[in-house]
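*Asks:* This one is entry_3.cif, mmCIF, C-alpha atoms.
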data_work
#
loop_
_atom_site.group_PDB
_atom_site.id
_atom_site.type_symbol
_atom_site.label_atom_id
_atom_site.label_comp_id
_atom_site.auth_asym_id
_atom_site.auth_seq_id
_atom_site.Cartn_x
_atom_site.Cartn_y
_atom_site.Cartn_z
ATOM 1 C CA MET A 115 95.055 107.267 104.918
ATOM 2 C CA GLY A 116 98.624 106.208 104.418
ATOM 3 C CA GLN A 117 101.528 107.348 102.351
ATOM 4 C CA PRO A 118 100.901 107.480 98.608
ATOM 5 C CA VAL A 119 103.884 106.605 96.463
ATOM 6 C CA THR A 120 104.624 108.791 93.443
ATOM 7 C CA VAL A 121 105.262 106.595 90.394
ATOM 8 C CA ILE A 122 106.507 107.326 86.882
ATOM 9 C CA GLU A 123 105.959 104.589 84.302
ATOM 10 C CA LYS A 124 108.669 104.332 81.659
ATOM 11 C CA ALA A 125 108.994 102.202 78.574
ATOM 12 C CA THR A 126 112.173 100.216 78.034
ATOM 13 C CA PRO A 127 113.893 99.226 74.809
ATOM 14 C CA VAL A 128 112.946 95.609 75.535
ATOM 15 C CA PRO A 129 109.460 94.655 74.277
ATOM 16 C CA GLY A 130 107.207 93.451 77.087
ATOM 17 C CA VAL A 131 109.304 95.064 79.844
ATOM 18 C CA VAL A 132 108.157 98.201 81.652
ATOM 19 C CA ARG A 133 109.861 100.156 84.411
ATOM 20 C CA PHE A 134 108.282 102.065 87.291
ATOM 21 C CA GLU A 135 110.320 104.674 89.182
ATOM 22 C CA THR A 136 109.140 105.723 92.645
ATOM 23 C CA ASN A 137 109.852 108.614 94.971
ATOM 24 C CA ARG A 138 111.122 106.303 97.724
ATOM 25 C CA ALA A 139 113.430 103.334 98.010
ATOM 26 C CA LEU A 140 111.545 100.080 98.429
ATOM 27 C CA SER A 141 114.349 97.530 98.670
ATOM 28 C CA GLY A 142 117.192 99.496 100.146
ATOM 29 C CA MET A 143 120.298 98.652 98.136
ATOM 30 C CA GLY A 144 119.349 95.024 97.517
ATOM 31 C CA HIS A 145 117.947 93.386 94.412
ATOM 32 C CA GLU A 146 114.758 91.364 94.772
ATOM 33 C CA SER A 147 113.518 89.122 91.954
ATOM 34 C CA TYR A 148 110.242 87.223 91.745
ATOM 35 C CA ARG A 149 109.065 84.910 88.962
ATOM 36 C CA SER A 150 106.028 83.472 90.734
ATOM 37 C CA LEU A 151 104.005 83.808 93.906
ATOM 38 C CA ASP A 152 105.992 80.833 95.264
ATOM 39 C CA ASP A 153 109.133 83.038 95.262
ATOM 40 C CA ILE A 154 107.574 85.359 97.867
ATOM 41 C CA LEU A 155 108.512 84.154 101.334
ATOM 42 C CA TRP A 156 108.044 87.161 103.623
ATOM 43 C CA GLU A 157 105.833 90.206 104.216
ATOM 44 C CA ARG A 158 108.341 92.997 103.589
ATOM 45 C CA PRO A 159 107.075 95.903 101.453
ATOM 46 C CA VAL A 160 108.894 94.496 98.382
ATOM 47 C CA ASP A 161 107.250 91.112 98.959
ATOM 48 C CA VAL A 162 103.793 92.648 99.354
ATOM 49 C CA LEU A 163 104.282 94.682 96.185
ATOM 50 C CA ALA A 164 105.511 91.699 94.172
ATOM 51 C CA ARG A 165 102.565 89.612 95.432
ATOM 52 C CA ARG A 166 100.117 92.300 94.318
ATOM 53 C CA ILE A 167 101.724 92.741 90.891
ATOM 54 C CA LEU A 168 102.058 89.001 90.184
ATOM 55 C CA GLY A 169 98.551 88.430 91.547
ATOM 56 C CA ARG A 170 97.186 90.890 88.988
ATOM 57 C CA GLY A 171 97.979 88.361 86.268
ATOM 58 C CA GLY A 172 99.721 88.846 82.946
ATOM 59 C CA VAL A 173 103.139 89.224 84.593
ATOM 60 C CA ASP A 174 106.077 86.830 84.153
ATOM 61 C CA ALA A 175 108.549 88.492 86.537
ATOM 62 C CA VAL A 176 109.073 91.398 88.925
ATOM 63 C CA HIS A 177 112.460 92.857 89.852
ATOM 64 C CA ILE A 178 112.846 95.566 92.502
ATOM 65 C CA ASN A 179 116.050 97.490 93.153
ATOM 66 C CA GLY A 180 115.901 100.591 95.324
ATOM 67 C CA SER A 181 113.203 102.801 93.860
ATOM 68 C CA VAL A 182 112.899 101.015 90.496
ATOM 69 C CA ILE A 183 110.438 98.220 89.756
ATOM 70 C CA THR A 184 110.947 96.352 86.493
ATOM 71 C CA VAL A 185 108.054 94.209 85.290
ATOM 72 C CA GLN A 186 108.263 91.589 82.561
ATOM 73 C CA LEU A 187 104.786 91.249 81.092
ATOM 74 C CA ALA A 188 103.394 87.989 79.755
ATOM 75 C CA GLY A 189 103.180 87.902 75.949
ATOM 76 C CA GLY A 190 100.981 90.695 74.654
ATOM 77 C CA THR A 191 99.765 91.860 78.072
ATOM 78 C CA ALA A 192 99.435 95.590 78.746
ATOM 79 C CA SER A 193 100.723 97.247 81.921
ATOM 80 C CA ASP A 194 97.301 98.713 82.785
ATOM 81 C CA GLY A 195 96.765 98.984 86.537
ATOM 82 C CA ILE A 196 100.319 98.219 87.676
ATOM 83 C CA LYS A 197 101.157 101.883 88.301
ATOM 84 C CA GLU A 198 98.127 102.135 90.594
ATOM 85 C CA ILE A 199 99.196 98.997 92.481
ATOM 86 C CA VAL A 200 102.584 100.585 93.194
ATOM 87 C CA GLU A 201 101.019 103.935 94.153
ATOM 88 C CA GLY A 202 98.781 102.198 96.682
ATOM 89 C CA LEU A 203 101.507 100.170 98.407
ATOM 90 C CA TYR A 204 101.411 102.239 101.609
ATOM 91 C CA THR A 205 97.783 103.345 101.410
ATOM 92 C CA PHE A 206 95.832 101.546 104.094
ATOM 93 C CA TYR A 207 92.353 102.762 103.217
ATOM 94 C CA GLN A 208 91.254 102.639 99.604
ATOM 95 C CA GLU A 209 88.326 104.570 98.163
ATOM 96 C CA GLY A 210 85.113 103.224 99.688
ATOM 97 C CA ASP A 211 86.818 101.852 102.828
ATOM 98 C CA GLU A 212 85.796 103.264 106.170
ATOM 99 C CA PRO A 213 88.056 102.948 109.187
ATOM 100 C CA GLU A 214 86.546 101.207 112.186
ATOM 101 C CA MET A 215 85.784 103.585 115.034
ATOM 102 C CA VAL A 216 86.879 102.471 118.498
ATOM 103 C CA ASP A 217 85.300 103.871 121.660
ATOM 104 C CA SER A 218 87.810 104.865 124.323
#
Would you kindly transcribe this structure into structure tokens?
*Replies:*
Amino acid sequence: MGQPVTVIEKATPVPGVVRFETNRALSGMGHESYRSLDDILWERPVDVLARRILGRGGVDAVHINGSVITVQLAGGTASDGIKEIVEGLYTFYQEGDEPEMVDS
């Protein structure tokens, strides 16, 4: 349940930098940059996404502007799994989760 995000992963001319383009704006018109988990101060969608990407490991920086996420990978790290992190940003129940039933 939730709203899946459509994501296209694109290479950049800069080694170790990968770009992800989404079907919805995540940051409005602002730029958000994160170099560590300590840079994340709030719980906005961009903050949650940056926390998830940086928490994955192998990432030196995350920059989000509108519908584009730019990720600077740590030396020699692959981007495996980052696309799925972005796609699942608004998905509340992942495979294997069962929502709690409430009696009315």
*Asks:* Env of region 145-162 of chain A: 12 Å cut, atoms = all atoms listed in the file, seq-sep filter 3 positions within chain, self excluded. Answer as a PyMOL selection string.
*Replies:* chain A and resi 138-142+165-188+199-200+202-205
*Asks:* Just how far from CA of Met143 (chain A) is CA of Ala192 (chain A), in Å to one decimal?
*Replies:*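 Computed distance, CA of Ala192 (chain A) to CA of Met143 (chain A), equals 28.6 Å.
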*Asks:* Hey, what's within 10 Å of Lys197 (chain A) if we count all atoms listed in the file and toss same-chain stuff fewer than 2 positions away? As an MDAnalysis selection string, please?
*Replies:* chainID A and resid 119:123 133:136 167 193:195 199:202
*Asks:* What is the distance, in Å and to one decimal place, between CA of Gly144 (chain A) and CA of Val131 (chain A)?
*Replies:* 20.3 Å
*Asks:* So for region 146-165 of chain A, what box centre and size do we get, axis-aligned, 3 Å extra on each of the six sides, every listed atom, Å to one decimal, as JSON?
*Replies:*
{"center_x": 108.7, "center_y": 88.4, "center_z": 96.6, "size_x": 18.2, "size_y": 21.1, "size_z": 21.3}
*Asks:* Which one of A:Ile196, A:Ala125, A:Gly130, A:Thr191 sits closest to Leu163 (chain A) if you count all atoms listed in the file?
*Replies:*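 Nearest to Leu163 (chain A): A:Ile196.
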